[in-house]
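File shown: final-v1.txt (compact mmCIF, C-alpha atoms).
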# COMPACT_ATOMS: atom_id res chain seq x y z
CA GLY A 16 217.73 198.87 70.00
CA ASP A 17 215.98 202.07 69.06
CA SER A 18 212.33 201.75 68.05
CA VAL A 19 209.27 203.80 67.14
CA THR A 20 205.65 202.91 67.90
CA GLN A 21 202.80 204.58 66.04
CA MET A 22 199.09 204.28 66.47
CA GLU A 23 197.69 201.77 64.04
CA GLY A 24 195.42 202.89 61.27
CA PRO A 25 193.63 203.32 59.18
CA VAL A 26 192.36 206.67 60.40
CA THR A 27 189.35 208.07 58.57
CA LEU A 28 188.33 211.68 59.12
CA SER A 29 185.95 214.16 57.56
CA GLU A 30 187.38 217.25 55.93
CA GLU A 31 188.21 220.02 58.44
CA ALA A 32 188.42 217.58 61.35
CA PHE A 33 191.28 217.68 63.87
CA LEU A 34 194.03 215.11 63.39
CA THR A 35 196.29 213.47 65.94
CA ILE A 36 198.58 210.57 65.13
CA ASN A 37 200.41 209.27 68.18
CA CYS A 38 204.08 208.37 68.10
CA THR A 39 206.28 207.22 70.96
CA TYR A 40 209.89 206.14 70.81
CA THR A 41 212.53 204.17 72.65
CA ALA A 42 216.09 205.34 72.26
CA THR A 43 219.25 206.02 74.19
CA GLY A 44 220.40 209.58 74.39
CA TYR A 45 218.69 212.35 72.48
CA PRO A 46 217.55 211.19 69.04
CA SER A 47 216.38 213.45 66.24
CA LEU A 48 212.70 212.89 65.41
CA PHE A 49 210.92 213.07 62.08
CA TRP A 50 207.57 212.71 60.39
CA TYR A 51 207.57 211.51 56.79
CA VAL A 52 204.55 211.33 54.49
CA GLN A 53 203.96 208.96 51.58
CA TYR A 54 201.30 209.94 49.06
CA PRO A 55 199.82 207.18 46.88
CA GLY A 56 202.31 205.88 44.33
CA GLU A 57 205.14 208.07 45.59
CA GLY A 58 208.21 207.80 47.77
CA LEU A 59 208.48 209.28 51.24
CA GLN A 60 208.82 213.02 51.80
CA LEU A 61 210.06 214.71 54.94
CA LEU A 62 207.13 216.52 56.54
CA LEU A 63 208.76 217.97 59.65
CA LYS A 64 211.49 217.33 62.18
CA ALA A 65 212.73 218.23 65.65
CA THR A 66 216.23 217.74 66.96
CA LYS A 67 216.00 218.52 70.68
CA ALA A 68 213.57 218.39 73.57
CA ASP A 69 210.67 220.87 73.41
CA ASP A 70 211.40 221.71 69.77
CA LYS A 71 208.29 222.05 67.65
CA GLY A 72 208.47 221.03 64.02
CA SER A 73 205.87 222.44 61.65
CA ASN A 74 205.05 222.36 57.95
CA LYS A 75 201.90 222.61 55.77
CA GLY A 76 199.72 223.10 58.87
CA PHE A 77 201.10 219.99 60.61
CA GLU A 78 202.90 220.25 63.95
CA ALA A 79 204.70 217.92 66.32
CA THR A 80 206.50 218.68 69.60
CA TYR A 81 209.48 216.69 70.88
CA ARG A 82 208.50 215.60 74.41
CA LYS A 83 211.44 214.04 76.16
CA GLU A 84 209.55 213.37 79.39
CA THR A 85 206.92 211.25 77.63
CA THR A 86 209.21 210.08 74.77
CA SER A 87 206.58 211.20 72.30
CA PHE A 88 206.33 213.12 69.02
CA HIS A 89 202.62 213.23 68.18
CA LEU A 90 201.57 214.67 64.83
CA GLU A 91 198.67 217.15 64.79
CA LYS A 92 196.78 219.24 62.29
CA GLY A 93 193.89 221.49 63.10
CA SER A 94 191.87 221.05 59.92
CA VAL A 95 192.61 218.22 57.50
CA GLN A 96 191.92 218.29 53.79
CA VAL A 97 191.24 215.51 51.30
CA SER A 98 194.72 216.13 49.88
CA ASP A 99 196.22 215.09 53.24
CA SER A 100 195.18 211.48 52.59
CA ALA A 101 198.43 209.54 52.75
CA VAL A 102 200.51 207.26 54.97
CA TYR A 103 202.41 209.01 57.75
CA PHE A 104 205.61 207.61 59.26
CA CYS A 105 207.29 208.63 62.48
CA ALA A 106 211.05 208.07 62.55
CA LEU A 107 214.15 208.68 64.61
CA THR A 108 217.87 208.70 64.20
CA ASP A 109 221.00 209.24 66.20
CA PRO A 110 221.90 212.88 65.45
CA ARG A 111 225.55 211.91 65.10
CA GLY A 112 224.58 209.84 62.08
CA ASN A 113 225.91 206.58 63.45
CA THR A 114 222.68 204.67 62.96
CA PRO A 115 220.19 204.63 60.10
CA LEU A 116 216.74 206.15 60.25
CA VAL A 117 214.34 203.88 62.18
CA PHE A 118 210.71 204.08 61.10
CA GLY A 119 207.41 203.28 62.72
CA LYS A 120 205.03 201.07 60.76
CA GLY A 121 203.05 203.97 59.37
CA THR A 122 199.52 205.23 59.83
CA ARG A 123 197.20 205.47 56.84
CA LEU A 124 195.00 208.56 56.87
CA SER A 125 191.93 208.87 54.68
CA VAL A 126 190.09 212.20 54.59
CA ILE A 127 186.61 212.22 53.09
CA ALA A 128 184.80 215.27 51.77
CA LYS B 3 217.00 219.74 40.24
CA ALA B 4 216.16 216.13 39.49
CA GLY B 5 215.11 213.93 42.38
CA VAL B 6 216.18 210.42 43.26
CA THR B 7 215.62 208.12 40.29
CA GLN B 8 215.03 204.41 40.71
CA THR B 9 214.88 201.85 37.92
CA PRO B 10 213.06 199.76 37.08
CA ARG B 11 209.82 200.96 38.67
CA TYR B 12 208.10 197.60 38.40
CA LEU B 13 209.38 194.11 37.82
CA ILE B 14 208.18 190.55 38.11
CA LYS B 15 210.54 187.64 38.78
CA THR B 16 210.18 184.00 39.67
CA ARG B 17 211.59 182.20 42.68
CA GLY B 18 215.26 181.40 42.37
CA GLN B 19 216.04 184.22 39.97
CA GLN B 20 218.12 187.25 40.86
CA VAL B 21 217.40 190.94 40.46
CA THR B 22 219.40 194.17 40.31
CA LEU B 23 217.84 197.51 41.22
CA SER B 24 219.41 200.84 40.40
CA CYS B 25 219.33 204.20 42.17
CA SER B 26 220.62 207.55 40.92
CA PRO B 27 220.83 210.04 43.81
CA ILE B 28 220.24 213.76 43.63
CA SER B 29 223.22 215.48 42.06
CA GLY B 30 225.82 216.25 44.71
CA HIS B 31 224.47 213.74 47.22
CA ARG B 32 227.09 211.24 48.31
CA SER B 33 225.08 209.11 50.72
CA VAL B 34 222.59 206.48 49.55
CA SER B 35 220.36 204.30 51.73
CA TRP B 36 218.09 201.41 50.78
CA TYR B 37 214.90 200.32 52.53
CA GLN B 38 212.49 197.46 51.99
CA GLN B 39 208.81 198.32 52.47
CA THR B 40 206.19 195.62 53.02
CA PRO B 41 202.67 195.81 54.47
CA GLY B 42 203.56 193.51 57.35
CA GLN B 43 207.01 194.75 58.36
CA GLY B 44 206.83 198.37 57.27
CA LEU B 45 210.11 200.06 56.35
CA GLN B 46 213.20 198.03 57.09
CA PHE B 47 216.73 199.31 56.57
CA LEU B 48 218.91 197.39 54.13
CA PHE B 49 222.16 199.31 53.61
CA GLU B 50 223.75 202.71 53.63
CA TYR B 51 226.65 203.79 51.43
CA PHE B 52 228.78 206.89 51.59
CA SER B 53 231.60 207.60 49.16
CA GLU B 54 231.52 204.00 47.89
CA THR B 55 231.85 202.54 51.40
CA GLN B 56 229.12 200.65 53.23
CA ARG B 57 228.54 202.48 56.53
CA ASN B 58 225.67 200.45 57.89
CA LYS B 59 223.92 197.21 57.09
CA GLY B 60 220.54 196.01 58.24
CA ASN B 61 219.53 192.57 59.40
CA PHE B 62 218.99 190.88 56.04
CA PRO B 63 220.46 187.61 54.73
CA GLY B 64 223.54 187.57 52.55
CA ARG B 65 221.35 187.19 49.44
CA PHE B 66 220.89 190.95 49.67
CA SER B 67 223.90 192.95 48.58
CA GLY B 68 224.65 196.41 47.35
CA ARG B 69 227.33 198.72 46.10
CA GLN B 70 227.96 202.34 45.29
CA PHE B 71 229.90 203.67 42.35
CA SER B 72 232.28 206.61 42.15
CA ASN B 73 229.49 208.80 40.71
CA SER B 74 227.38 207.97 43.81
CA ARG B 75 224.91 205.84 41.87
CA SER B 76 224.00 202.70 43.75
CA GLU B 77 222.75 199.25 42.94
CA MET B 78 221.31 196.53 45.10
CA ASN B 79 221.11 192.88 44.17
CA VAL B 80 218.96 190.10 45.52
CA SER B 81 219.95 186.58 44.57
CA THR B 82 217.92 183.38 44.78
CA LEU B 83 214.65 185.25 45.11
CA GLU B 84 212.01 184.05 47.54
CA LEU B 85 208.29 184.85 47.61
CA GLY B 86 208.87 186.93 50.75
CA ASP B 87 211.17 189.27 48.85
CA SER B 88 208.13 190.81 47.15
CA ALA B 89 208.20 194.40 48.31
CA LEU B 90 208.69 198.02 47.42
CA TYR B 91 212.41 198.82 47.53
CA LEU B 92 213.09 202.45 48.31
CA CYS B 93 216.31 204.32 47.77
CA ALA B 94 217.09 207.58 49.53
CA SER B 95 219.96 210.00 49.13
CA SER B 96 221.41 212.74 51.28
CA LEU B 97 224.34 215.14 51.12
CA GLU B 98 225.99 213.42 54.04
CA PRO B 99 225.06 210.51 56.32
CA VAL B 100 223.41 212.79 58.89
CA GLY B 101 221.50 214.82 56.34
CA GLU B 102 217.84 214.86 55.37
CA LEU B 103 216.85 211.82 53.33
CA PHE B 104 215.24 212.33 49.92
CA PHE B 105 213.41 209.25 48.70
CA GLY B 106 212.80 207.91 45.23
CA GLU B 107 209.46 206.47 44.17
CA GLY B 108 210.70 202.94 44.62
CA SER B 109 211.05 199.74 42.65
CA ARG B 110 208.15 197.37 43.16
CA LEU B 111 209.33 193.76 42.97
CA THR B 112 206.89 190.88 42.67
CA VAL B 113 208.23 187.36 43.06
CA LEU B 114 206.02 184.57 41.71

Target encoding structure tokens, full file:
Amino acid sequence: GDSVTQMEGPVTLSEEAFLTINCTYTATGYPSLFWYVQYPGEGLQLLLKATKADDKGSNKGFEATYRKETTSFHLEKGSVQVSDSAVYFCALTDPRGNTPLVFGKGTRLSVIA
Amino acid sequence: KAGVTQTPRYLIKTRGQQVTLSCSPISGHRSVSWYQQTPGQGLQFLFEYFSETQRNKGNFPGRFSGRQFSNSRSEMNVSTLELGDSALYLCASSLEPVGELFFGEGSRLTVL
């Protein structure tokens, strides 16, 4: 079945450092890809998404590009802030809506001042 | 507008008991999904309901059940609780099954 593999955390960075969280997927066809973020004590929020190859999703300074050839959707941010400390989840779904959202195991990011 | 509301937020049960968790979706949303979140397994899909019909079901034992009411509110029930059922149970709603998911803050269940 479909699956998502994320780099394991935790990831600890200093403020203003560059962030990359790797995500690769296994799926048939052309899934839609997502990054969700979970701040402490809260539910998940959609951070960004991409629905076709070479699409770039972006939000709040975060970016991820849908790479069909490498089946990847890596999350990047040029300069992290303490407020970015959270758990980040990569996810995919069949764009026809026939299957539920499949999540990676999450990567915990801690940003220190 | 109000987000997804889950009740109760925290609860403690003992093995063998049963529990019912409630989810009120965002107004106008007709699709509700449930996920179990644990440190070891991450987020695992439980069920999805749309217009009171179960569209998808995850790979959980029959002790886990759910339903959706005509006002789109949803409940899930876990019977004969086991220690391994301790988890954060997240509900998410969307306008339609293919739409963006909006998550609640979750119900944290501890089984002793």

Env of region 56-72 of chain A: 9 Å cut, atoms = all atoms listed in the file, seq-sep filter 5 positions within chain, self excluded. Answer as a PDB file with C-alpha atoms, in the frame of the given file.
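Listing of selection_37.pdb after writing:
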ATOM      1  CA  TYR A  45     218.690 212.350  72.480  1.00  0.00           C
ATOM      2  CA  PRO A  46     217.550 211.190  69.040  1.00  0.00           C
ATOM      3  CA  SER A  47     216.380 213.450  66.240  1.00  0.00           C
ATOM      4  CA  LEU A  48     212.700 212.890  65.410  1.00  0.00           C
ATOM      5  CA  PHE A  49     210.920 213.070  62.080  1.00  0.00           C
ATOM      6  CA  TRP A  50     207.570 212.710  60.390  1.00  0.00           C
ATOM      7  CA  TYR A  51     207.570 211.510  56.790  1.00  0.00           C
ATOM      8  CA  PHE A  77     201.100 219.990  60.610  1.00  0.00           C
ATOM      9  CA  GLU A  78     202.900 220.250  63.950  1.00  0.00           C
ATOM     10  CA  ALA A  79     204.700 217.920  66.320  1.00  0.00           C
ATOM     11  CA  THR A  80     206.500 218.680  69.600  1.00  0.00           C
ATOM     12  CA  TYR A  81     209.480 216.690  70.880  1.00  0.00           C
ATOM     13  CA  ARG A  82     208.500 215.600  74.410  1.00  0.00           C
ATOM     14  CA  LYS A  83     211.440 214.040  76.160  1.00  0.00           C
ATOM     15  CA  GLU A  84     209.550 213.370  79.390  1.00  0.00           C
ATOM     16  CA  PHE A  88     206.330 213.120  69.020  1.00  0.00           C
ATOM     17  CA  TYR A 103     202.410 209.010  57.750  1.00  0.00           C
ATOM     18  CA  PHE A 104     205.610 207.610  59.260  1.00  0.00           C
ATOM     19  CA  PRO A 110     221.900 212.880  65.450  1.00  0.00           C
TER      20      PRO A 110
ATOM     21  CA  LEU B  92     213.090 202.450  48.310  1.00  0.00           C
ATOM     22  CA  CYS B  93     216.310 204.320  47.770  1.00  0.00           C
ATOM     23  CA  ALA B  94     217.090 207.580  49.530  1.00  0.00           C
ATOM     24  CA  GLU B 102     217.840 214.860  55.370  1.00  0.00           C
ATOM     25  CA  LEU B 103     216.850 211.820  53.330  1.00  0.00           C
ATOM     26  CA  PHE B 104     215.240 212.330  49.920  1.00  0.00           C
ATOM     27  CA  PHE B 105     213.410 209.250  48.700  1.00  0.00           C
ATOM     28  CA  GLY B 106     212.800 207.910  45.230  1.00  0.00           C
ATOM     29  CA  GLU B 107     209.460 206.470  44.170  1.00  0.00           C
ATOM     30  CA  GLY B 108     210.700 202.940  44.620  1.00  0.00           C
TER      31      GLY B 108
END

Within 12 Å of region 115-128 of chain A, which residues of region 54-103 of chain B show up? Give each one with its shortest atom-to-atom distance in Å (one decimal) and the two atoms involved, counting all atoms listed in the file, rows by chain then rising residue number, as a Markdown table.
| residue | atom | partner | partner_atom | distance |
| --- | --- | --- | --- | --- |
| B:Gln56 | CA | A:Pro115 | CA | 11.9 |
| B:Arg57 | CA | A:Pro115 | CA | 9.3 |
| B:Asn58 | CA | A:Pro115 | CA | 7.2 |
| B:Lys59 | CA | A:Pro115 | CA | 8.8 |
| B:Gly60 | CA | A:Pro115 | CA | 8.8 |
| B:Ala94 | CA | A:Leu116 | CA | 10.8 |
| B:Pro99 | CA | A:Pro115 | CA | 8.5 |
| B:Val100 | CA | A:Pro115 | CA | 8.9 |
| B:Gly101 | CA | A:Leu116 | CA | 10.6 |
| B:Glu102 | CA | A:Leu116 | CA | 10.0 |
| B:Leu103 | CA | A:Leu116 | CA | 8.9 |

Residue neighbourhood region 79-88 of chain B, 8 Å, all atoms listed in the file, exclusion window fewer than 3 positions, as a list in words: Lys15, Thr16, Arg17, Gly18, Gln19, Gln20, Val21, Thr22, Leu23, Thr40, Arg65, Phe66, Ser67, Gly68, Arg110, Leu111, Thr112, Val113 and Leu114 of chain B

Can you tell me, as a PyMOL selection string, what residues are no more than 6 Å from His89 (chain A) when counting only C-alpha atoms, ignoring any on the same chain fewer than 5 positions away? chain A and resi 36-38+79

If you measure from CA of Gln21 (chain A) to CA of Ser100 (chain A), what distance in Å do you get, rounded to one decimal?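 Separation of CA of Gln21 (chain A) and CA of Ser100 (chain A): 16.9 Å.
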
For the point (216.5, 203.1, 39.6) in file coordinates, what residues are within 7 Å, counting all atoms listed in the file? Give the answer as a list in words? Thr7, Gln8, Thr9, Pro10, Leu23, Ser24, Cys25 and Ser26 of chain B
